[in-house]
$ cat start_6.tsv   # TSV, C-alpha atoms
chain	number	residue	atom	x	y	z
A	566	MET	CA	-29.50	-14.53	13.70
A	567	LEU	CA	-30.89	-16.49	16.69
A	568	ASN	CA	-29.10	-18.06	19.64
A	569	ASN	CA	-30.01	-21.33	21.37
A	570	HIS	CA	-32.56	-19.55	23.54
A	571	GLY	CA	-34.54	-18.24	20.58
A	572	GLY	CA	-33.31	-14.65	21.00
A	573	PHE	CA	-31.05	-12.59	18.80
A	574	LYS	CA	-27.40	-13.57	18.86
A	575	HIS	CA	-25.22	-11.32	20.98
A	576	ARG	CA	-23.35	-8.90	18.67
A	577	MET	CA	-21.52	-6.72	21.19
A	578	ARG	CA	-17.79	-7.11	21.71
A	579	SER	CA	-15.26	-5.28	23.89
A	580	ILE	CA	-11.56	-4.60	23.43
A	581	GLY	CA	-9.19	-3.64	26.25
A	582	LEU	CA	-6.63	-0.95	25.42
A	583	VAL	CA	-3.68	0.83	26.98
A	584	ASP	CA	-2.74	3.92	25.00
A	585	MET	CA	0.93	4.92	25.26
A	586	GLN	CA	3.08	7.51	23.55
A	587	SER	CA	6.81	7.61	22.90
A	588	GLY	CA	8.25	10.68	21.26
A	589	GLY	CA	4.69	11.80	20.55
A	590	ASP	CA	3.74	8.71	18.54
A	591	VAL	CA	0.74	6.91	20.03
A	592	SER	CA	0.74	3.12	20.36
A	593	ARG	CA	-2.53	1.43	21.33
A	594	ILE	CA	-1.70	-1.74	23.22
A	595	ILE	CA	-4.50	-4.30	22.79
A	596	THR	CA	-4.59	-6.29	26.02
A	597	SER	CA	-7.90	-8.17	25.70
A	598	GLY	CA	-10.80	-8.87	23.40
A	599	VAL	CA	-9.02	-10.81	20.64
A	600	GLY	CA	-9.35	-14.57	20.52
A	601	HIS	CA	-6.71	-17.24	19.99
A	602	LEU	CA	-4.71	-16.81	16.79
A	603	PRO	CA	-3.30	-19.96	15.19
A	604	GLY	CA	0.39	-20.14	14.38
A	605	GLY	CA	3.64	-21.65	15.59
A	606	SER	CA	5.32	-18.25	15.96
A	607	VAL	CA	4.30	-14.63	16.37
A	608	LEU	CA	5.18	-14.15	12.70
A	609	GLU	CA	2.66	-16.87	11.75
A	610	LYS	CA	0.04	-15.32	14.05
A	611	MET	CA	0.66	-11.98	12.35
A	612	ARG	CA	0.23	-13.50	8.90
A	613	TYR	CA	-3.03	-15.12	10.05
A	614	ILE	CA	-4.62	-11.90	11.32
A	615	GLN	CA	-3.28	-10.03	8.29
A	616	GLU	CA	-5.13	-12.45	6.01
A	617	HIS	CA	-8.22	-13.23	8.08
A	618	GLY	CA	-8.68	-10.37	10.56
A	619	ASP	CA	-7.39	-7.12	9.08
A	620	GLY	CA	-10.69	-5.55	10.11
A	621	LEU	CA	-9.21	-5.11	13.60
A	622	ARG	CA	-6.41	-2.90	12.26
A	623	ARG	CA	-8.77	-0.88	10.10
A	624	LEU	CA	-11.30	-0.47	12.93
A	625	LEU	CA	-8.85	0.88	15.51
A	626	LEU	CA	-6.92	3.13	13.12
A	627	SER	CA	-9.98	4.77	11.56
A	628	GLU	CA	-12.74	7.10	12.70
A	629	PRO	CA	-14.66	6.91	14.93
A	630	TYR	CA	-12.40	4.58	16.95
A	631	GLY	CA	-8.97	5.99	16.11
A	632	ASP	CA	-6.85	7.65	13.44
A	633	PRO	CA	-4.02	6.57	11.11
A	634	TYR	CA	-1.37	8.44	13.11
A	635	MET	CA	-1.67	5.76	15.78
A	636	SER	CA	-0.06	2.33	15.84
A	637	LEU	CA	-1.47	-0.87	17.33
A	638	ASP	CA	0.33	-3.55	19.32
A	639	LEU	CA	-1.69	-6.70	19.88
A	640	ILE	CA	-0.46	-8.73	22.86
A	641	VAL	CA	-0.41	-12.44	21.99
A	642	GLU	CA	0.97	-15.63	23.49
A	643	PRO	CA	4.63	-15.99	22.55
A	644	ALA	CA	5.83	-19.13	20.82
A	645	HIS	CA	9.48	-18.89	21.88
A	646	PRO	CA	9.94	-20.61	25.27
A	647	LYS	CA	12.06	-17.76	26.66
A	648	ALA	CA	9.76	-14.92	25.61
A	649	GLN	CA	7.51	-13.40	28.27
A	650	ALA	CA	4.98	-11.91	25.85
A	651	GLY	CA	4.42	-11.60	22.13
A	652	TYR	CA	3.15	-8.63	20.15
A	653	ILE	CA	1.93	-7.96	16.62
A	654	ILE	CA	2.46	-4.44	15.24
A	655	MET	CA	-0.18	-2.83	13.02
A	656	GLU	CA	0.07	0.57	11.36
A	657	ALA	CA	-1.61	2.54	8.60
A	658	MET	CA	0.81	0.99	6.11
A	659	GLY	CA	0.12	-2.58	7.28
A	660	TYR	CA	2.13	-4.95	9.44
A	661	PRO	CA	5.77	-4.00	10.09
A	662	LEU	CA	7.77	-6.87	11.51
A	663	TYR	CA	9.54	-4.69	14.05
A	664	SER	CA	9.29	-1.14	15.41
A	665	GLY	CA	11.43	0.60	18.01
A	666	SER	CA	8.80	3.03	19.34
A	667	ASN	CA	6.14	0.31	19.42
A	668	THR	CA	8.50	-1.99	21.30
A	669	ILE	CA	9.26	0.76	23.82
A	670	CYS	CA	5.53	1.38	24.36
A	671	THR	CA	4.67	-2.33	24.52
A	672	ALA	CA	7.43	-3.06	27.03
A	673	ALA	CA	6.31	-0.24	29.32
A	674	ALA	CA	2.65	-1.25	29.01
A	675	VAL	CA	3.15	-4.94	29.84
A	676	LEU	CA	5.22	-4.02	32.89
A	677	GLN	CA	3.03	-1.20	34.21
A	678	SER	CA	-0.16	-3.24	33.58
A	679	GLY	CA	1.22	-6.32	35.34
A	680	ILE	CA	1.08	-8.57	32.26
A	681	VAL	CA	4.72	-9.24	33.14
A	682	PRO	CA	5.47	-8.59	36.83
A	683	MET	CA	7.54	-5.43	37.28
A	684	GLU	CA	10.84	-5.52	39.15
A	685	GLU	CA	12.31	-2.47	40.84
A	686	GLY	CA	15.42	-1.09	39.16
A	687	GLU	CA	16.86	-2.55	35.98
A	688	GLN	CA	14.81	-5.37	34.48
A	689	SER	CA	15.46	-7.54	31.45
A	690	LEU	CA	12.45	-8.38	29.32
A	691	LEU	CA	12.23	-10.71	26.35
A	692	LEU	CA	9.40	-10.08	23.89
A	693	GLU	CA	8.62	-11.95	20.68
A	694	SER	CA	7.88	-9.73	17.68
A	695	PRO	CA	7.08	-11.01	14.19
A	696	ALA	CA	10.77	-10.45	13.36
A	697	GLY	CA	11.93	-12.58	16.30
A	698	LEU	CA	13.04	-11.94	19.86
A	699	ALA	CA	13.22	-8.35	21.10
A	700	HIS	CA	15.74	-7.93	23.92
A	701	VAL	CA	14.60	-5.13	26.21
A	702	THR	CA	16.11	-3.49	29.29
A	703	ALA	CA	13.75	-1.36	31.36
A	704	PHE	CA	14.53	0.86	34.32
A	705	ASN	CA	11.64	0.89	36.79
A	706	GLN	CA	11.10	2.97	39.89
A	707	ASN	CA	8.05	3.25	42.17
A	708	GLY	CA	5.79	1.33	39.80
A	709	ARG	CA	6.72	3.30	36.68
A	710	THR	CA	8.98	2.44	33.78
A	711	HIS	CA	11.28	5.44	33.37
A	712	SER	CA	13.27	4.31	30.33
A	713	VAL	CA	13.35	1.45	27.86
A	714	THR	CA	16.28	0.29	25.77
A	715	THR	CA	15.45	-2.19	23.03
A	716	ARG	CA	17.93	-4.03	20.86
A	717	CYS	CA	16.99	-3.46	17.23
A	718	GLU	CA	16.81	-5.90	14.38
A	719	PRO	CA	20.14	-6.24	12.52
A	720	ALA	CA	20.10	-3.43	9.96
A	721	TYR	CA	21.85	-3.42	6.62
A	722	VAL	CA	22.11	-1.37	3.45
A	723	ALA	CA	20.29	-3.28	0.71
A	724	ALA	CA	21.07	-0.85	-2.15
A	725	ARG	CA	22.99	2.43	-2.59
A	726	ASN	CA	22.27	5.42	-4.79
A	727	GLU	CA	18.97	4.23	-6.23
A	728	VAL	CA	17.19	6.80	-8.40
A	729	VAL	CA	13.46	7.13	-9.04
A	730	ASP	CA	11.57	9.63	-11.16
A	731	VAL	CA	8.95	11.16	-8.85
A	732	PRO	CA	6.11	13.12	-10.48
A	733	ARG	CA	6.29	16.87	-9.67
A	734	TYR	CA	9.63	16.38	-7.85
A	735	GLY	CA	11.89	15.03	-10.57
A	736	LYS	CA	14.63	12.46	-10.01
A	737	VAL	CA	15.17	11.54	-6.36
A	738	ARG	CA	18.18	9.62	-5.07
A	739	TYR	CA	17.74	7.27	-2.12
A	740	ASP	CA	19.50	4.45	-0.29
A	741	LEU	CA	17.48	1.35	0.60
A	742	VAL	CA	18.03	0.06	4.15
A	743	TRP	CA	16.44	-2.75	6.12
A	744	SER	CA	16.01	-2.15	9.87
A	745	GLY	CA	12.89	-4.19	10.67
A	746	ALA	CA	11.26	-2.83	7.50
A	747	TYR	CA	12.58	-1.32	4.30
A	748	PHE	CA	13.33	2.41	4.36
A	749	ALA	CA	14.11	4.75	1.49
A	750	LEU	CA	16.68	7.13	3.03
A	751	VAL	CA	16.79	10.58	1.42
A	752	ASP	CA	19.09	13.55	2.02
A	753	ALA	CA	16.60	16.22	3.05
A	754	THR	CA	18.91	19.13	2.21
A	755	GLU	CA	19.02	18.05	-1.45
A	756	HIS	CA	15.31	18.90	-1.58
A	757	GLY	CA	15.37	22.09	0.48
A	758	PHE	CA	14.00	20.70	3.75
A	759	GLN	CA	15.25	21.73	7.19
A	760	LEU	CA	13.04	19.13	8.91
A	761	VAL	CA	11.10	21.52	11.12
A	762	ALA	CA	7.46	21.32	12.20
A	763	ASP	CA	6.13	23.79	9.62
A	764	GLU	CA	7.38	21.52	6.84
A	765	MET	CA	5.44	18.43	7.94
A	766	PRO	CA	2.59	18.78	5.40
A	767	ALA	CA	5.11	19.28	2.57
A	768	LEU	CA	7.21	16.36	3.83
A	769	ALA	CA	4.10	14.15	3.90
A	770	ALA	CA	3.28	15.09	0.30
A	771	PHE	CA	6.85	14.46	-0.83
A	772	GLY	CA	7.02	11.16	1.05
A	773	HIS	CA	3.73	9.99	-0.48
A	774	ALA	CA	4.93	10.75	-4.00
A	775	LEU	CA	8.35	9.20	-3.38
A	776	VAL	CA	7.13	5.93	-1.87
A	777	THR	CA	4.39	5.55	-4.49
A	778	ALA	CA	6.96	5.98	-7.27
A	779	ALA	CA	9.64	3.79	-5.66
A	780	ARG	CA	7.45	0.83	-4.69
A	781	PRO	CA	7.60	-0.90	-8.10
A	782	GLN	CA	11.41	-1.00	-8.00
A	783	VAL	CA	11.85	-2.00	-4.33
A	784	THR	CA	11.89	-5.66	-3.32
A	785	GLN	CA	9.03	-7.01	-1.22
A	786	GLU	CA	11.17	-9.88	0.11
A	787	HIS	CA	13.54	-10.09	3.06
A	788	PRO	CA	16.28	-12.68	2.45
A	789	GLU	CA	15.48	-14.52	5.70
A	790	LEU	CA	11.95	-13.48	6.71
A	791	GLY	CA	10.27	-13.83	3.31
A	792	ALA	CA	7.46	-11.58	2.10
A	793	VAL	CA	7.39	-8.20	3.87
A	794	GLY	CA	5.08	-6.22	1.59
A	795	PRO	CA	5.66	-3.10	-0.50
A	796	LEU	CA	7.97	-0.27	0.60
A	797	PRO	CA	6.32	1.31	3.68
A	798	PHE	CA	8.71	4.04	4.89
A	799	ALA	CA	10.92	6.91	3.88
A	800	HIS	CA	13.40	8.58	6.24
A	801	PHE	CA	14.56	12.12	5.58
A	802	MET	CA	18.07	12.89	6.85
A	803	GLY	CA	19.38	16.25	7.98
A	804	PRO	CA	23.06	17.16	8.44
A	805	VAL	CA	25.02	15.29	11.11
A	806	ASP	CA	26.51	17.38	13.94
A	807	THR	CA	29.29	16.01	16.13
A	808	VAL	CA	28.38	16.27	19.83
A	809	ASN	CA	31.59	14.71	21.19
A	810	GLU	CA	33.97	11.89	20.34
A	811	LYS	CA	31.26	9.34	21.11
A	812	GLY	CA	28.11	10.88	19.73
A	813	PHE	CA	26.29	12.70	16.96
A	814	ARG	CA	23.00	14.49	16.48
A	815	SER	CA	20.86	14.92	13.37
A	816	ARG	CA	17.42	16.24	12.51
A	817	SER	CA	15.33	13.47	10.96
A	818	ALA	CA	11.80	12.73	9.80
A	819	THR	CA	10.11	9.39	9.14
A	820	TYR	CA	7.28	9.09	6.64
A	821	VAL	CA	4.76	6.22	6.93
A	822	HIS	CA	2.73	5.39	3.84
A	823	PRO	CA	0.12	6.62	3.18
A	824	GLY	CA	0.51	10.21	4.25
A	825	VAL	CA	1.89	10.23	7.82
A	826	ILE	CA	4.95	12.05	9.16
A	827	CYS	CA	5.72	10.58	12.58
A	828	ARG	CA	5.94	12.81	15.61
A	829	SER	CA	9.05	10.92	16.75
A	830	PRO	CA	12.10	10.18	14.59
A	831	THR	CA	11.18	6.47	15.09
A	832	GLY	CA	13.41	3.69	16.34
A	833	THR	CA	13.65	1.80	13.05
A	834	GLY	CA	14.30	5.08	11.21
A	835	THR	CA	17.14	5.84	13.63
A	836	SER	CA	18.52	2.31	13.20
A	837	ALA	CA	18.34	2.61	9.40
A	838	ARG	CA	20.19	5.93	9.56
A	839	MET	CA	22.94	4.42	11.72
A	840	ALA	CA	23.25	1.43	9.36
A	841	LEU	CA	23.91	3.77	6.45
A	842	MET	CA	26.45	5.75	8.51
A	843	TYR	CA	28.07	2.46	9.57
A	844	GLU	CA	28.35	1.38	5.94
A	845	THR	CA	30.08	4.64	5.00
A	846	GLY	CA	32.35	4.72	8.07
A	847	GLU	CA	30.68	7.77	9.65
A	848	ILE	CA	29.85	5.96	12.90
A	849	LYS	CA	31.68	3.16	14.71
A	850	ASP	CA	31.06	0.55	17.40
A	851	GLY	CA	30.14	2.12	20.73
A	852	GLN	CA	29.18	5.48	19.24
A	853	TRP	CA	25.66	6.92	19.40
A	854	LEU	CA	23.32	8.99	17.27
A	855	GLU	CA	20.52	11.18	18.58
A	856	THR	CA	17.83	11.75	15.97
A	857	VAL	CA	15.53	14.74	16.42
A	858	SER	CA	12.11	14.80	14.75
A	859	PRO	CA	10.45	17.91	13.23
A	860	ARG	CA	8.48	18.26	16.47
A	861	GLY	CA	11.61	18.12	18.61
A	862	ALA	CA	11.22	14.58	19.98
A	863	SER	CA	14.39	12.49	20.05
A	864	PHE	CA	15.63	8.92	20.34
A	865	VAL	CA	19.18	7.84	21.03
A	866	GLY	CA	20.59	4.90	19.10
A	867	LYS	CA	23.86	3.17	19.91
A	868	VAL	CA	25.97	0.99	17.61
A	869	LEU	CA	26.64	-2.38	19.25
A	870	GLY	CA	28.73	-4.00	16.52
A	871	ALA	CA	28.83	-5.75	13.18
A	872	ASP	CA	26.61	-8.60	12.06
A	873	THR	CA	25.60	-10.31	8.83
A	874	VAL	CA	22.17	-10.91	7.28
A	875	ALA	CA	22.11	-13.39	4.39
A	876	GLY	CA	25.57	-12.28	3.26
A	877	HIS	CA	24.92	-8.56	3.78
A	878	ARG	CA	27.23	-6.62	6.10
A	879	ALA	CA	24.89	-5.54	8.88
A	880	MET	CA	24.96	-3.58	12.13
A	881	ASN	CA	23.49	-4.28	15.55
A	882	SER	CA	22.17	-1.36	17.58
A	883	ASP	CA	19.83	-0.44	20.38
A	884	ILE	CA	17.42	2.46	20.86
A	885	THR	CA	16.60	4.18	24.15
A	886	GLY	CA	13.42	6.12	24.82
A	887	LYS	CA	10.57	6.55	27.26
A	888	ALA	CA	6.88	5.75	27.02
A	889	TRP	CA	4.09	7.63	28.76
A	890	THR	CA	0.64	6.25	29.61
A	891	LEU	CA	-2.23	8.20	28.03
A	892	ALA	CA	-5.28	6.07	28.82
A	893	ARG	CA	-6.57	2.70	29.94
A	894	SER	CA	-9.92	1.91	28.40
A	895	GLU	CA	-12.37	-0.66	27.14
A	896	ILE	CA	-14.09	0.12	23.87
A	897	VAL	CA	-17.36	-1.42	22.79
A	898	VAL	CA	-17.79	-2.74	19.25
A	899	ASP	CA	-21.32	-3.34	18.02
A	900	LEU	CA	-21.00	-5.63	15.01
A	901	ASP	CA	-24.33	-4.34	13.69
A	902	ASP	CA	-23.11	-0.73	13.64
A	903	PRO	CA	-23.04	0.40	9.97
A	904	LEU	CA	-19.67	2.09	10.66
A	905	VAL	CA	-18.16	-1.28	11.64
A	906	ASP	CA	-17.00	-3.59	8.85
A	907	ALA	CA	-17.44	-6.97	10.53
A	908	SER	CA	-16.60	-9.03	7.44
A	909	ASP	CA	-13.05	-9.81	8.59
A	910	LEU	CA	-13.37	-8.71	12.21
A	911	GLU	CA	-15.99	-10.85	13.94
A	912	ASP	CA	-14.06	-14.10	13.76
A	913	VAL	CA	-10.94	-12.75	15.54
A	914	LEU	CA	-12.77	-11.07	18.42
A	915	ASP	CA	-13.59	-12.89	21.64
A	916	THR	CA	-17.25	-13.86	21.91
A	917	GLU	CA	-18.84	-12.55	25.10
A	918	PRO	CA	-21.36	-14.78	26.86
A	919	ASP	CA	-25.08	-14.12	26.28

$ encode --input "start_6.tsv" --output "structure tokens"
Amino acid sequence: MLNNHGGFKHRMRSIGLVDMQSGGDVSRIITSGVGHLPGGSVLEKMRYIQEHGDGLRRLLLSEPYGDPYMSLDLIVEPAHPKAQAGYIIMEAMGYPLYSGSNTICTAAAVLQSGIVPMEEGEQSLLLESPAGLAHVTAFNQNGRTHSVTTRCEPAYVAARNEVVDVPRYGKVRYDLVWSGAYFALVDATEHGFQLVADEMPALAAFGHALVTAARPQVTQEHPELGAVGPLPFAHFMGPVDTVNEKGFRSRSATYVHPGVICRSPTGTGTSARMALMYETGEIKDGQWLETVSPRGASFVGKVLGADTVAGHRAMNSDITGKAWTLARSEIVVDLDDPLVDASDLEDVLDTEPD
């Protein structure tokens, strides 16, 4: 392919990244290298890249550029006039509309990278996710973000006591909860799990079989947001211990399809767990739940109060965590590299000058 000067067309692209981790889960924040995405909202931008540029997700979550345990957060122009930045979340399972750990990492990255100017002390930040506005409070000191609290999407129990026949595991009971994505919540003790690190391979195998079997019977529609794709997550619940009159603690594990057990308990998993406890009266307004992952990482969720979603009794909550910077880098993508599938990648990347 020739350019206007008679030479070969430039096929090298670059992508700017900030790698963060929260609770051990790595979020790659894409700060540059992607061109303008059409759409009147971040949700519409997400649907555009999902349909026309999924090669970006596959590239950065696959060898040799990455691995499926990572998540991606693409910084985009927000559509809401009050939002300071927008972000599109990409994971091995696809495009979740909201994620607590990804929001924590994105908030810290945009502040520490200067995309949004950092203020000393407590700072309010408004981000636009595909699910809508994410209300964030960060505490900053000496140029670092020391903690991030993000208000979660309203979570609600969509179905109780669903049963699915899972090959090799038999009948499995789960509750279906929306908390930014659909989760199948499973009592881990019913299946002999203590939710410790040594069990992670077995949990991944169980989660894969469960989600595969449950997908045909789980809705792919959110009553307000429309199509959200097939069931992406399972959350395994350990016993709940009372810490004091205000708080609880529970071992937890979140499975991401296909085949990933998260290092953190995840923000949306924690929110889903609290929504189920709220529905059954086990947790009340103002109380908190600390979830502890098999690797010992924890998030703290707090119940803010009741809400409704399309007639469903829902719960508002927030999640508090911390994000750590791992790397700032620029990767080079050669579109002629046989390991790069440019078929739905080239058109969403910025074109560098010859």

$ residues_around --input "start_6.tsv" --residues "Leu775 in chain A" --least-positions-apart "5" --cutoff "8 Å" --atoms "all atoms listed in the file" --output "ChimeraX atom specification"
/A:729,731,737

$ closest_residue --input "start_6.tsv" --among "A:Ile826, A:Val897, A:Ala749, A:Leu869" --to "Glu764 in chain A" --atoms "all atoms listed in the file"
A:Ile826

$ residues_around --input "start_6.tsv" --residues "range 630-642 of chain A" --least-positions-apart "3" --cutoff "6 Å" --atoms "only C-alpha atoms" --output "PyMOL selection string"
chain A and resi 591-596+625-627+650-657

$ write_last_selection --input "start_6.tsv" --atoms "C-alpha atoms" --output "tab-separated table (two decimals), in the coordinates of the input"
chain	number	residue	atom	x	y	z
A	591	VAL	CA	0.74	6.91	20.03
A	592	SER	CA	0.74	3.12	20.36
A	593	ARG	CA	-2.53	1.43	21.33
A	594	ILE	CA	-1.70	-1.74	23.22
A	595	ILE	CA	-4.50	-4.30	22.79
A	596	THR	CA	-4.59	-6.29	26.02
A	625	LEU	CA	-8.85	0.88	15.51
A	626	LEU	CA	-6.92	3.13	13.12
A	627	SER	CA	-9.98	4.77	11.56
A	650	ALA	CA	4.98	-11.91	25.85
A	651	GLY	CA	4.42	-11.60	22.13
A	652	TYR	CA	3.15	-8.63	20.15
A	653	ILE	CA	1.93	-7.96	16.62
A	654	ILE	CA	2.46	-4.44	15.24
A	655	MET	CA	-0.18	-2.83	13.02
A	656	GLU	CA	0.07	0.57	11.36
A	657	ALA	CA	-1.61	2.54	8.60

$ closest_residue --input "start_6.tsv" --among "A:Ile848, A:Ala673, A:Leu910, A:Cys827" --to "Ser882 in chain A" --atoms "all atoms listed in the file"
A:Ile848

$ residues_near_point --input "start_6.tsv" --point "(20.5, 4.6, 4.4)" --cutoff "10 Å" --atoms "all atoms listed in the file" --output "PyMOL selection string"
chain A and resi 720-726+739-744+747-752+799-802+834-845

$ residues_around --input "start_6.tsv" --residues "Leu796 in chain A" --least-positions-apart "3" --cutoff "7 Å" --atoms "only C-alpha atoms" --output "list in words"
Tyr747, Val776, Arg780 and Val783 of chain A

$ closest_residue --input "start_6.tsv" --among "A:Gly605, A:Gly803, A:Pro797, A:Gly686" --to "Pro830 in chain A" --atoms "all atoms listed in the file"
A:Gly803

$ closest_residue --input "start_6.tsv" --among "A:Leu900, A:Val793, A:Leu854, A:Leu692" --to "Ile669 in chain A" --atoms "only C-alpha atoms"
A:Leu692

$ atom_distance --input "start_6.tsv" --atom1 "CA of Cys670 in chain A" --atom2 "CA of Trp889 in chain A"
7.8 Å

$ closest_residue --input "start_6.tsv" --among "A:Ile614, A:Ala818, A:Ile580, A:Cys717" --to "Thr831 in chain A" --atoms "all atoms listed in the file"
A:Ala818

$ residues_around --input "start_6.tsv" --residues "Ser858 in chain A" --least-positions-apart "4" --cutoff "10 Å" --atoms "all atoms listed in the file" --output "JSON list (two decimals) with C-alpha atoms, keeping the file's coordinate frame"
[["chain", "number", "residue", "atom", "x", "y", "z"],
["A", 588, "GLY", "CA", 8.25, 10.68, 21.26],
["A", 589, "GLY", "CA", 4.69, 11.80, 20.55],
["A", 760, "LEU", "CA", 13.04, 19.13, 8.91],
["A", 761, "VAL", "CA", 11.10, 21.52, 11.12],
["A", 762, "ALA", "CA", 7.46, 21.32, 12.20],
["A", 801, "PHE", "CA", 14.56, 12.12, 5.58],
["A", 815, "SER", "CA", 20.86, 14.92, 13.37],
["A", 816, "ARG", "CA", 17.42, 16.24, 12.51],
["A", 817, "SER", "CA", 15.33, 13.47, 10.96],
["A", 818, "ALA", "CA", 11.80, 12.73, 9.80],
["A", 819, "THR", "CA", 10.11, 9.39, 9.14],
["A", 826, "ILE", "CA", 4.95, 12.05, 9.16],
["A", 827, "CYS", "CA", 5.72, 10.58, 12.58],
["A", 828, "ARG", "CA", 5.94, 12.81, 15.61],
["A", 829, "SER", "CA", 9.05, 10.92, 16.75],
["A", 830, "PRO", "CA", 12.10, 10.18, 14.59],
["A", 831, "THR", "CA", 11.18, 6.47, 15.09],
["A", 862, "ALA", "CA", 11.22, 14.58, 19.98],
["A", 863, "SER", "CA", 14.39, 12.49, 20.05],
["A", 864, "PHE", "CA", 15.63, 8.92, 20.34]]

$ atom_distance --input "start_6.tsv" --atom1 "CA of Glu755 in chain A" --atom2 "CA of Val821 in chain A"
20.3 Å

$ closest_atom_pairs --input "start_6.tsv" --of "range 836-900 of chain A" --to "range 710-715 of chain A" --cutoff "6 Å" --atoms "all atoms listed in the file" --output "JSON lines"
{"residue": "A:Asp883", "atom": "CA", "partner": "A:Thr715", "partner_atom": "CA", "distance": 5.4}
{"residue": "A:Ile884", "atom": "CA", "partner": "A:Thr714", "partner_atom": "CA", "distance": 5.5}
{"residue": "A:Thr885", "atom": "CA", "partner": "A:Thr714", "partner_atom": "CA", "distance": 4.2}
{"residue": "A:Gly886", "atom": "CA", "partner": "A:Val713", "partner_atom": "CA", "distance": 5.6}
{"residue": "A:Lys887", "atom": "CA", "partner": "A:Ser712", "partner_atom": "CA", "distance": 4.7}

$ residues_around --input "start_6.tsv" --residues "Thr668 in chain A" --least-positions-apart "4" --cutoff "8 Å" --atoms "all atoms listed in the file" --output "list in words"
Tyr663, Ser664, Ala672, Ala699 and Thr715 of chain A

$ atom_distance --input "start_6.tsv" --atom1 "CA of Pro766 in chain A" --atom2 "CA of Ala778 in chain A"
18.5 Å

$ closest_residue --input "start_6.tsv" --among "A:Ala753, A:Ala644, A:Leu690, A:Val808" --to "Phe771 in chain A" --atoms "only C-alpha atoms"
A:Ala753

$ decode --input "start_6.tsv" --residues "range 723-727 of chain A" --atoms "all heavy atoms" --output "compact mmCIF listing (two decimals), in the first residue's frame"
# COMPACT_ATOMS: atom_id res chain seq x y z
N ALA A 723 -32.20 -9.78 40.91
CA ALA A 723 -33.07 -10.02 39.76
C ALA A 723 -33.84 -11.33 39.88
O ALA A 723 -34.94 -11.46 39.35
CB ALA A 723 -32.24 -10.03 38.47
N ALA A 724 -33.27 -12.33 40.56
CA ALA A 724 -33.94 -13.62 40.73
C ALA A 724 -33.32 -14.35 41.91
O ALA A 724 -32.10 -14.28 42.12
CB ALA A 724 -33.81 -14.47 39.46
N ARG A 725 -34.17 -15.05 42.69
CA ARG A 725 -33.70 -15.82 43.84
C ARG A 725 -33.82 -17.31 43.57
O ARG A 725 -34.73 -17.77 42.87
CB ARG A 725 -34.54 -15.48 45.08
CG ARG A 725 -34.38 -14.08 45.66
CD ARG A 725 -33.02 -13.83 46.26
NE ARG A 725 -32.53 -14.89 47.13
CZ ARG A 725 -32.87 -15.04 48.42
NH1 ARG A 725 -33.72 -14.17 48.98
NH2 ARG A 725 -32.38 -16.02 49.14
N ASN A 726 -32.88 -18.05 44.16
CA ASN A 726 -32.95 -19.51 44.20
C ASN A 726 -33.12 -20.14 42.81
O ASN A 726 -33.92 -21.07 42.63
CB ASN A 726 -34.08 -19.95 45.13
CG ASN A 726 -33.82 -19.52 46.57
OD1 ASN A 726 -32.72 -19.67 47.08
ND2 ASN A 726 -34.85 -18.97 47.20
N GLU A 727 -32.36 -19.63 41.85
CA GLU A 727 -32.32 -20.27 40.54
C GLU A 727 -31.49 -21.57 40.64
O GLU A 727 -30.55 -21.65 41.44
CB GLU A 727 -31.69 -19.34 39.51
CG GLU A 727 -32.49 -18.06 39.26
CD GLU A 727 -33.78 -18.34 38.54
OE1 GLU A 727 -33.73 -18.78 37.37
OE2 GLU A 727 -34.85 -18.15 39.15
